[in-house]
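Q: Contents of entry.pdb (PDB, C-alpha atoms) are below:
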ATOM      1  CA  MET U   1     -22.588  18.854  10.223  1.00  0.00           C
ATOM      2  CA  SER U   2     -20.709  21.946  11.338  1.00  0.00           C
ATOM      3  CA  GLN U   3     -19.706  24.685   8.903  1.00  0.00           C
ATOM      4  CA  ALA U   4     -16.005  23.847   9.327  1.00  0.00           C
ATOM      5  CA  THR U   5     -16.575  20.169   8.556  1.00  0.00           C
ATOM      6  CA  LYS U   6     -18.679  21.032   5.519  1.00  0.00           C
ATOM      7  CA  ARG U   7     -15.981  23.405   4.252  1.00  0.00           C
ATOM      8  CA  LYS U   8     -13.299  20.747   4.752  1.00  0.00           C
ATOM      9  CA  HIS U   9     -15.227  18.176   2.702  1.00  0.00           C
ATOM     10  CA  VAL U  10     -16.017  20.606  -0.117  1.00  0.00           C
ATOM     11  CA  VAL U  11     -12.385  21.740  -0.379  1.00  0.00           C
ATOM     12  CA  GLN U  12     -11.133  18.132  -0.364  1.00  0.00           C
ATOM     13  CA  GLU U  13     -13.614  17.280  -3.122  1.00  0.00           C
ATOM     14  CA  VAL U  14     -12.432  20.166  -5.315  1.00  0.00           C
ATOM     15  CA  LEU U  15      -8.707  19.718  -4.775  1.00  0.00           C
ATOM     16  CA  GLY U  16      -8.443  15.948  -4.674  1.00  0.00           C
ATOM     17  CA  GLU U  17     -10.854  14.576  -7.219  1.00  0.00           C
ATOM     18  CA  HIS U  18      -9.961  14.013 -10.875  1.00  0.00           C
ATOM     19  CA  VAL U  19     -12.995  14.864 -12.985  1.00  0.00           C
ATOM     20  CA  VAL U  20     -13.705  14.138 -16.639  1.00  0.00           C
ATOM     21  CA  PRO U  21     -16.639  16.033 -18.158  1.00  0.00           C
ATOM     22  CA  SER U  22     -19.558  13.899 -19.333  1.00  0.00           C
ATOM     23  CA  GLU U  23     -21.379  14.280 -22.653  1.00  0.00           C
ATOM     24  CA  GLN U  24     -23.790  16.936 -21.326  1.00  0.00           C
ATOM     25  CA  GLN U  25     -21.169  18.887 -19.372  1.00  0.00           C
ATOM     26  CA  GLN U  26     -18.823  21.420 -20.898  1.00  0.00           C
ATOM     27  CA  ILE U  27     -15.696  23.310 -19.895  1.00  0.00           C
ATOM     28  CA  VAL U  28     -16.073  27.094 -19.676  1.00  0.00           C
ATOM     29  CA  ARG U  29     -13.909  30.081 -18.701  1.00  0.00           C
ATOM     30  CA  VAL U  30     -15.102  32.698 -16.186  1.00  0.00           C
ATOM     31  CA  LEU U  31     -15.336  36.239 -17.592  1.00  0.00           C
ATOM     32  CA  GLY U  32     -16.804  38.015 -14.583  1.00  0.00           C
ATOM     33  CA  THR U  33     -19.059  37.882 -11.553  1.00  0.00           C
ATOM     34  CA  PRO U  34     -22.138  40.128 -11.773  1.00  0.00           C
ATOM     35  CA  GLY U  35     -23.324  39.092  -8.285  1.00  0.00           C
ATOM     36  CA  ASN U  36     -25.947  36.945  -6.545  1.00  0.00           C
ATOM     37  CA  ASN U  37     -23.747  33.836  -6.935  1.00  0.00           C
ATOM     38  CA  LEU U  38     -23.884  34.155 -10.729  1.00  0.00           C
ATOM     39  CA  HIS U  39     -20.850  34.062 -13.004  1.00  0.00           C
ATOM     40  CA  GLU U  40     -20.567  35.137 -16.635  1.00  0.00           C
ATOM     41  CA  VAL U  41     -18.759  32.462 -18.624  1.00  0.00           C
ATOM     42  CA  GLU U  42     -17.628  31.772 -22.178  1.00  0.00           C
ATOM     43  CA  THR U  43     -17.529  28.418 -23.920  1.00  0.00           C
ATOM     44  CA  ALA U  44     -14.771  27.266 -26.264  1.00  0.00           C
ATOM     45  CA  GLN U  45     -17.056  28.189 -29.189  1.00  0.00           C
ATOM     46  CA  GLY U  46     -17.365  31.789 -27.915  1.00  0.00           C
ATOM     47  CA  GLN U  47     -20.927  31.574 -26.557  1.00  0.00           C
ATOM     48  CA  ARG U  48     -21.475  33.726 -23.432  1.00  0.00           C
ATOM     49  CA  PHE U  49     -24.049  33.099 -20.705  1.00  0.00           C
ATOM     50  CA  LEU U  50     -24.575  33.084 -16.942  1.00  0.00           C
ATOM     51  CA  VAL U  51     -24.046  30.111 -14.628  1.00  0.00           C
ATOM     52  CA  SER U  52     -25.225  29.713 -11.048  1.00  0.00           C
ATOM     53  CA  MET U  53     -23.125  28.527  -8.141  1.00  0.00           C
ATOM     54  CA  PRO U  54     -24.642  25.693  -6.071  1.00  0.00           C
ATOM     55  CA  SER U  55     -25.077  26.353  -2.352  1.00  0.00           C
ATOM     56  CA  LYS U  56     -22.367  23.853  -1.338  1.00  0.00           C
ATOM     57  CA  TYR U  57     -19.692  26.051  -2.986  1.00  0.00           C
ATOM     58  CA  ARG U  58     -20.977  29.378  -1.629  1.00  0.00           C
ATOM     59  CA  LYS U  59     -18.631  30.922   0.975  1.00  0.00           C
ATOM     60  CA  ASN U  60     -16.356  27.858   0.627  1.00  0.00           C
ATOM     61  CA  ILE U  61     -14.827  28.045  -2.859  1.00  0.00           C
ATOM     62  CA  TRP U  62     -13.887  31.344  -4.504  1.00  0.00           C
ATOM     63  CA  ILE U  63     -14.030  31.777  -8.255  1.00  0.00           C
ATOM     64  CA  LYS U  64     -12.278  34.617 -10.021  1.00  0.00           C
ATOM     65  CA  ARG U  65     -12.011  35.919 -13.578  1.00  0.00           C
ATOM     66  CA  GLY U  66      -9.997  33.537 -15.776  1.00  0.00           C
ATOM     67  CA  ASP U  67     -10.786  30.349 -13.839  1.00  0.00           C
ATOM     68  CA  PHE U  68     -12.113  27.288 -15.633  1.00  0.00           C
ATOM     69  CA  LEU U  69     -15.265  25.380 -14.644  1.00  0.00           C
ATOM     70  CA  ILE U  70     -17.217  22.301 -15.626  1.00  0.00           C
ATOM     71  CA  VAL U  71     -20.913  23.154 -15.896  1.00  0.00           C
ATOM     72  CA  ASP U  72     -24.180  21.219 -16.264  1.00  0.00           C
ATOM     73  CA  PRO U  73     -26.802  22.740 -18.586  1.00  0.00           C
ATOM     74  CA  ILE U  74     -30.159  23.899 -17.187  1.00  0.00           C
ATOM     75  CA  GLN U  75     -33.160  23.483 -19.492  1.00  0.00           C
ATOM     76  CA  GLU U  76     -35.510  26.040 -17.928  1.00  0.00           C
ATOM     77  CA  GLY U  77     -33.065  28.965 -17.873  1.00  0.00           C
ATOM     78  CA  GLU U  78     -33.180  31.890 -20.274  1.00  0.00           C
ATOM     79  CA  LYS U  79     -30.319  33.969 -18.913  1.00  0.00           C
ATOM     80  CA  VAL U  80     -28.850  31.422 -16.498  1.00  0.00           C
ATOM     81  CA  LYS U  81     -28.181  28.461 -18.758  1.00  0.00           C
ATOM     82  CA  ALA U  82     -26.015  26.223 -16.553  1.00  0.00           C
ATOM     83  CA  GLU U  83     -24.964  25.337 -13.015  1.00  0.00           C
ATOM     84  CA  ILE U  84     -21.391  24.868 -11.814  1.00  0.00           C
ATOM     85  CA  SER U  85     -20.626  21.220 -11.155  1.00  0.00           C
ATOM     86  CA  PHE U  86     -16.858  21.448 -10.639  1.00  0.00           C
ATOM     87  CA  VAL U  87     -14.152  24.102 -10.280  1.00  0.00           C
ATOM     88  CA  LEU U  88     -10.950  23.205 -12.144  1.00  0.00           C
ATOM     89  CA  CYS U  89      -7.550  23.997 -10.613  1.00  0.00           C
ATOM     90  CA  LYS U  90      -4.216  23.995 -12.495  1.00  0.00           C
ATOM     91  CA  ALA U  91      -3.585  20.300 -11.821  1.00  0.00           C
ATOM     92  CA  HIS U  92      -6.978  19.367 -13.261  1.00  0.00           C
ATOM     93  CA  VAL U  93      -6.326  21.488 -16.359  1.00  0.00           C
ATOM     94  CA  ARG U  94      -2.956  19.793 -16.939  1.00  0.00           C
ATOM     95  CA  SER U  95      -4.431  16.294 -16.590  1.00  0.00           C
ATOM     96  CA  LEU U  96      -7.283  17.126 -19.001  1.00  0.00           C
ATOM     97  CA  GLN U  97      -4.736  18.466 -21.515  1.00  0.00           C
ATOM     98  CA  LYS U  98      -2.687  15.247 -21.260  1.00  0.00           C
ATOM     99  CA  GLU U  99      -5.823  13.155 -21.850  1.00  0.00           C
ATOM    100  CA  GLY U 100      -6.777  15.242 -24.881  1.00  0.00           C
ATOM    101  CA  LEU U 101     -10.093  16.401 -23.397  1.00  0.00           C
ATOM    102  CA  TRP U 102      -9.136  20.083 -23.163  1.00  0.00           C
ATOM    103  CA  PRO U 103     -10.761  22.426 -25.767  1.00  0.00           C
ATOM    104  CA  GLU U 104      -8.293  23.832 -28.305  1.00  0.00           C
ATOM    105  CA  ALA U 105      -9.720  27.346 -27.927  1.00  0.00           C
ATOM    106  CA  PHE U 106      -8.610  27.439 -24.283  1.00  0.00           C
ATOM    107  CA  SER U 107      -5.160  25.913 -24.816  1.00  0.00           C
ATOM    108  CA  ASP U 108      -3.527  29.217 -25.834  1.00  0.00           C
ATOM    109  CA  ILE U 109      -5.039  30.956 -22.765  1.00  0.00           C
ATOM    110  CA  THR U 110      -3.598  28.361 -20.382  1.00  0.00           C
ATOM    111  CA  GLU U 111      -0.188  28.616 -22.079  1.00  0.00           C
ATOM    112  CA  LYS U 112      -0.160  32.385 -21.486  1.00  0.00           C
ATOM    113  CA  GLN U 113      -1.065  31.897 -17.821  1.00  0.00           C
ATOM    114  CA  ASN U 114       1.668  29.291 -17.386  1.00  0.00           C
ATOM    115  CA  SER U 115       4.297  31.477 -19.039  1.00  0.00           C
ATOM    116  CA  ARG U 116       3.521  34.329 -16.608  1.00  0.00           C
ATOM    117  CA  ASN U 117       4.006  32.021 -13.623  1.00  0.00           C
ATOM    118  CA  ARG U 118       7.312  30.529 -14.787  1.00  0.00           C
ATOM    119  CA  PRO U 119      10.521  31.774 -13.179  1.00  0.00           C
ATOM    120  CA  PRO U 120      12.835  33.783 -15.445  1.00  0.00           C
ATOM    121  CA  GLN U 121      15.519  31.912 -17.342  1.00  0.00           C
ATOM    122  CA  PRO U 122      19.023  32.160 -15.829  1.00  0.00           C
ATOM    123  CA  GLU U 123      21.380  34.407 -17.742  1.00  0.00           C
ATOM    124  CA  LEU U 124      24.745  33.408 -19.102  1.00  0.00           C
ATOM    125  CA  PRO U 125      27.778  34.978 -17.388  1.00  0.00           C
ATOM    126  CA  GLY U 126      28.535  37.219 -20.396  1.00  0.00           C
ATOM    127  CA  GLU U 127      24.958  38.493 -20.525  1.00  0.00           C
ATOM    128  CA  ALA U 128      24.816  39.285 -16.809  1.00  0.00           C
ATOM    129  CA  GLN U 129      27.671  41.811 -17.016  1.00  0.00           C
ATOM    130  CA  SER U 130      26.186  43.758 -19.903  1.00  0.00           C
ATOM    131  CA  SER U 131      22.705  43.901 -18.344  1.00  0.00           C
ATOM    132  CA  GLU U 132      24.103  45.246 -15.045  1.00  0.00           C
ATOM    133  CA  ASP U 133      25.702  48.184 -16.854  1.00  0.00           C
ATOM    134  CA  ASP U 134      22.500  49.008 -18.751  1.00  0.00           C
ATOM    135  CA  SER U 135      20.211  48.810 -15.717  1.00  0.00           C
ATOM    136  CA  SER U 136      22.223  51.391 -13.747  1.00  0.00           C
ATOM    137  CA  GLU U 137      21.409  54.053 -16.342  1.00  0.00           C
ATOM    138  CA  ASP U 138      17.917  52.941 -17.422  1.00  0.00           C
ATOM    139  CA  ASP U 139      15.172  52.874 -14.755  1.00  0.00           C
ATOM    140  CA  SER U 140      12.409  51.637 -17.095  1.00  0.00           C
ATOM    141  CA  ASP U 141      12.414  48.165 -15.502  1.00  0.00           C
ATOM    142  CA  LEU U 142      11.503  49.532 -12.062  1.00  0.00           C
ATOM    143  CA  PHE U 143       8.011  49.052 -10.628  1.00  0.00           C
ATOM    144  CA  VAL U 144       5.526  51.672 -11.746  1.00  0.00           C
ATOM    145  CA  ASN U 145       2.421  52.314  -9.657  1.00  0.00           C
ATOM    146  CA  THR U 146      -0.437  52.377 -12.166  1.00  0.00           C
ATOM    147  CA  ASN U 147      -2.797  53.895  -9.592  1.00  0.00           C
ATOM    148  CA  ARG U 148      -0.978  57.231  -9.723  1.00  0.00           C
ATOM    149  CA  VAL U 149      -0.929  59.782 -12.497  1.00  0.00           C
ATOM    150  CA  GLN U 150       2.356  59.567 -14.389  1.00  0.00           C
ATOM    151  CA  TYR U 151       4.017  62.894 -15.136  1.00  0.00           C
ATOM    152  CA  GLN U 152       6.680  62.773 -17.785  1.00  0.00           C
ATOM    153  CA  GLU U 153       9.149  65.587 -17.703  1.00  0.00           C
ATOM    154  CA  SER U 154      11.559  66.130 -20.540  1.00  0.00           C
ATOM    155  CA  GLU U 155      15.067  67.564 -20.135  1.00  0.00           C
ATOM    156  CA  GLU U 156      14.122  70.661 -22.135  1.00  0.00           C
ATOM    157  CA  GLU U 157      11.329  71.597 -19.702  1.00  0.00           C
ATOM    158  CA  SER U 158      13.535  71.151 -16.638  1.00  0.00           C
ATOM    159  CA  GLU U 159      16.271  73.375 -18.139  1.00  0.00           C
ATOM    160  CA  GLU U 160      13.763  76.144 -18.954  1.00  0.00           C
ATOM    161  CA  GLU U 161      12.352  76.144 -15.420  1.00  0.00           C
ATOM    162  CA  ALA U 162      15.797  76.413 -13.800  1.00  0.00           C
TER     163      ALA U 162
END
Before we go any further, please render this structure as structure tokens.

A:
Amino acid sequence: MSQATKRKHVVQEVLGEHVVPSEQQQIVRVLGTPGNNLHEVETAQGQRFLVSMPSKYRKNIWIKRGDFLIVDPIQEGEKVKAEISFVLCKAHVRSLQKEGLWPEAFSDITEKQNSRNRPPQPELPGEAQSSEDDSSEDDSDLFVNTNRVQYQESEEESEEEA
């Protein structure tokens, strides 16, 4: 099987399949990736440990901080206590929430993520006029580059220098 064909099948499996965790499996949230195909995760109860990524997902599926996974426990591991069995996307999370299988500890995290991705609410005509007047004078809503040092200059300092 070629690499492209393998990648296609793995991606179709992750995106298309609806998975329900079994009794041994648990849903975890990714906290970080220390390297060597290991991921630090946290359970709904707050327990932290490392999980390993199986070779079929390596270089095919990318996992980042904040993603949710279904993991199988490993008996012989001290530090690495589980192996990833499935990567959950947003559609999987929504279906698990509807079925009542989603842990309560993670429900507030998913609500925060969904609220960030929602488009802003449309303003009423009366509100739009007042906000236009305020935004012309106040530049606080403009993009600020956090990678640069921010210098704040007061009006008193600028008058003294001039």

Q: Apply the PyMOL selection byres ((chain U and resi 46) around 12) to the file shown and report the selected residues as number ranges by chain.

A: U: 27-31, 41-45, 47-49, 103, 105-106

Q: May I have the residues within 10 Å of region 97-102 of chain U as a VMD selection string, using only C-alpha atoms and disregarding those fewer than 5 positions away in the same chain?

A: chain U and resid 20 to 21 27 44 91 to 92 107

Q: Pick out the closest residue to Ser55 (chain U) from this set: U:Gln75, U:Gln152, U:Ser85, U:Gln12. Count all atoms listed in the file.

A: U:Ser85

Q: Counting all atoms listed in the file, what is within 12 Å of Gln24 (chain U), bar same-chain residues fewer than 5 positions away, as a list in words?

A: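 Residues near the query, excluding close chain neighbours: Ile70, Val71, Asp72, Pro73, Ile74, Gln75, Ala82, Glu83 and Ser85 of chain U.
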
Q: Using Å and a single decimal, report how far CA of Arg65 (chain U) sits from CA of Arg7 (chain U).

A: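 According to the coordinates, CA of Arg7 (chain U) and CA of Arg65 (chain U) are separated by 22.1 Å.
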
Q: Can you pull out every residue within 12 Å of Lys6 (chain U), counting only C-alpha atoms, but drop anything in the same chain fewer than 6 positions away, and send it as a PyMOL selection string?

A: chain U and resi 12-13+55-61

Q: How far is it from CA of Glu76 (chain U) to CA of Gly32 (chain U), in Å with one decimal?

A: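 So the answer is 22.5 Å.
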
Q: Provide the CA of Gln25 (chain U) to CA of Lys64 (chain U) distance in Å, to one decimal place.

A: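 A separation of 20.3 Å between them.
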
Q: Going by the chain IDs and residue numbers used in this file, which residues fall under the PyMOL selection byres ((chain U and resi 90) around 10)? Write them as a list in words.

A: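 Evaluating the PyMOL selection byres ((chain U and resi 90) around 10) on these coordinates yields Leu15, Asp67, Phe68, Leu88, Cys89, Ala91, His92, Val93, Arg94, Ser95, Leu96, Thr110 and Asn114 of chain U.
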